[in-house]
Amino acid sequence: MTTKTSDPRAVLSPPLLAGLTEADTRAVLAAAAVREYPAGAILCRQGEPASAMFVLDDGRVRFSRATVQGRDVLLRWLCPGECFGLASLVPGAVEYMGTALTAVRSRVWTWESAAIRSAARTHPRLAENALRIALHYLEEFGERHVSLLSRTAEQRLARTVTHLGATAGRVLPGGVEVDISNHDLAALADVGMFTASRQLQRWERDGHLVKTRGRLLIRHPEALLS
């Protein structure tokens with residue numbers, strides 16, 4: 001892990017800082033540390049005290065939760081600008097709800113809990129933004145639950161693939177490329193591994209995408225949703 005000097009220009013308007021003046025933004029960022037991590041670094045772990053809040057500046061983070069049997073279930077891919085560790089805003093013995101693991105080399109803004117709580121008291125808009133972010137995540141999980149009850153496995157997988165392309169994809173001449181395994185894709189779509197693999201093969205035969213190990217090239221996203 002590498003720690004760098006805070007530079008407010010490094011983050012481009014993350015939702016956590018929306019609506020703050022430039023001076024207030026600089027004051028909030030001055031209370032944070034900018035750290036670089038290699039792929040595979042654990043930033044926070046499920047069940048441990050929520051001691052820090054994070055904003056991903058560059059890279060990608062895998063946010064997951066373990067089942068009672070110990071199986072790791074992917075809940076969300078976190079992209080640059082996104083915030084996690086919101087529980088650190090709450091005083092007392094609050095735990096992280098999941099584990100955040102860097103998928104690639106990543107740069108992260110980190111506030112210790114005391115620092116982010118102090119900043120939220122000084123800048124109430126910061127606390128409002130954190131609540132909006134929490135509500136957005138809650139809405140996403142609510143939508144996933146409704147989708148599980150109202151959409152077919154194929155529809156859920158199609159929505160997941162196109163959403164990943166729009167939020168975490170790289171635009172290439174042949175389409176939009178996303179780094180993701182069949183296992184993680186199935187978890188995000190709430191479908192079984194066999195179902196995900198079979199449907200991806202069908203879409204590949206139809207020319208809508210190309211699936212290689214740990215990577216997906218989406219050629220015709222609109223066809224997946226039709």
# chains A, B, ... in the order shown; residues from 1 in each chain; ligands from 1
$ closest_atom_pairs --of "segment 63-118 of chain A" --to "segment 183-202 of chain A" --cutoff "7 Å" --atoms "only C-alpha atoms" --output "tab-separated table"
residue	atom	partner	partner_atom	distance
A:Val73	CA	A:Ala187	CA	6.5
A:Leu74	CA	A:Ala187	CA	5.9
A:Leu75	CA	A:Leu188	CA	6.3
$ select_by_dssp --residues "segment 13-198 of chain A" --states "helix (DSSP H, G or I)" --output "JSON, numbers by chain"
{"A": [15, 16, 17, 22, 23, 24, 25, 26, 27, 28, 29, 30, 86, 87, 88, 89, 113, 114, 115, 116, 117, 118, 119, 120, 121, 122, 124, 125, 126, 127, 128, 129, 130, 131, 132, 133, 134, 135, 136, 137, 138, 139, 140, 141, 142, 143, 144, 145, 146, 147, 148, 149, 150, 153, 154, 155, 156, 157, 158, 159, 160, 161, 162, 163, 164, 165, 166, 167, 168, 182, 183, 184, 185, 186, 187, 188, 189, 193, 194, 195, 196, 197, 198]}
$ closest_atom_pairs --of "segment 47-82 of chain A" --to "segment 13-35 of chain A" --cutoff "10 Å" --atoms "only C-alpha atoms" --output "JSON lines"
{"residue": "A:Ala52", "atom": "CA", "partner": "A:Ala32", "partner_atom": "CA", "distance": 9.9}
{"residue": "A:Met53", "atom": "CA", "partner": "A:Ala32", "partner_atom": "CA", "distance": 9.3}
{"residue": "A:Phe54", "atom": "CA", "partner": "A:Ala32", "partner_atom": "CA", "distance": 9.1}
{"residue": "A:Val55", "atom": "CA", "partner": "A:Pro14", "partner_atom": "CA", "distance": 7.8}
{"residue": "A:Leu56", "atom": "CA", "partner": "A:Pro14", "partner_atom": "CA", "distance": 8.9}
{"residue": "A:Asp57", "atom": "CA", "partner": "A:Pro14", "partner_atom": "CA", "distance": 8.6}
{"residue": "A:Pro80", "atom": "CA", "partner": "A:Pro14", "partner_atom": "CA", "distance": 8.2}
{"residue": "A:Gly81", "atom": "CA", "partner": "A:Pro14", "partner_atom": "CA", "distance": 4.5}
{"residue": "A:Glu82", "atom": "CA", "partner": "A:Pro14", "partner_atom": "CA", "distance": 6.7}
$ closest_residue --among "A:Ala153, A:Val210, A:Ile133, A:Met97" --to "Ala66 of chain A" --atoms "only C-alpha atoms"
A:Met97
$ residues_around --residues "Leu89 of chain A" --least-positions-apart "6" --cutoff "7 Å" --atoms "only C-alpha atoms" --output "PyMOL selection string"
chain A and resi 113+116-117
$ select_by_dssp --residues "segment 12-180 of chain A" --states "strand (DSSP E)" --output "JSON, numbers by chain"
{"A": [33, 34, 35, 36, 37, 42, 43, 44, 52, 53, 54, 55, 56, 57, 58, 61, 62, 63, 64, 65, 66, 72, 73, 74, 75, 76, 77, 78, 83, 84, 99, 100, 101, 102, 106, 107, 108, 109, 110, 111, 112, 170, 171, 172, 175, 176, 177, 178]}
$ closest_atom_pairs --of "segment 37-143 of chain A" --to "segment 164-172 of chain A" --cutoff "9 Å" --atoms "only C-alpha atoms" --output "CSV"
residue,atom,partner,partner_atom,distance
A:Arg60,CA,A:Ala168,CA,8.4
A:Trp77,CA,A:Ala168,CA,8.0
A:Leu78,CA,A:Ala168,CA,8.5
A:Cys79,CA,A:Ala168,CA,6.6
$ atom_distance --atom1 "atom CA of Thr99 of chain A" --atom2 "atom CA of Cys83 of chain A"
13.5 Å
$ atom_distance --atom1 "atom CA of Arg45 of chain A" --atom2 "atom CA of Tyr96 of chain A"
6.5 Å
$ atom_distance --atom1 "atom CA of Glu48 of chain A" --atom2 "atom CA of Leu131 of chain A"
21.4 Å
$ closest_residue --among "A:Arg76, A:Glu177, A:Ser118, A:His145" --to "Pro91 of chain A" --atoms "only C-alpha atoms"
A:Ser118
$ residues_around --residues "segment 223-225 of chain A" --least-positions-apart "3" --cutoff "10 Å" --atoms "only C-alpha atoms" --output "list in words"
Glu154, Gln155, Arg156, Leu157, Ala158, Arg159, Val161, Thr162, Trp203, Asp206, Gly207, His208, Leu209, Ile218, Arg219 and His220 of chain A
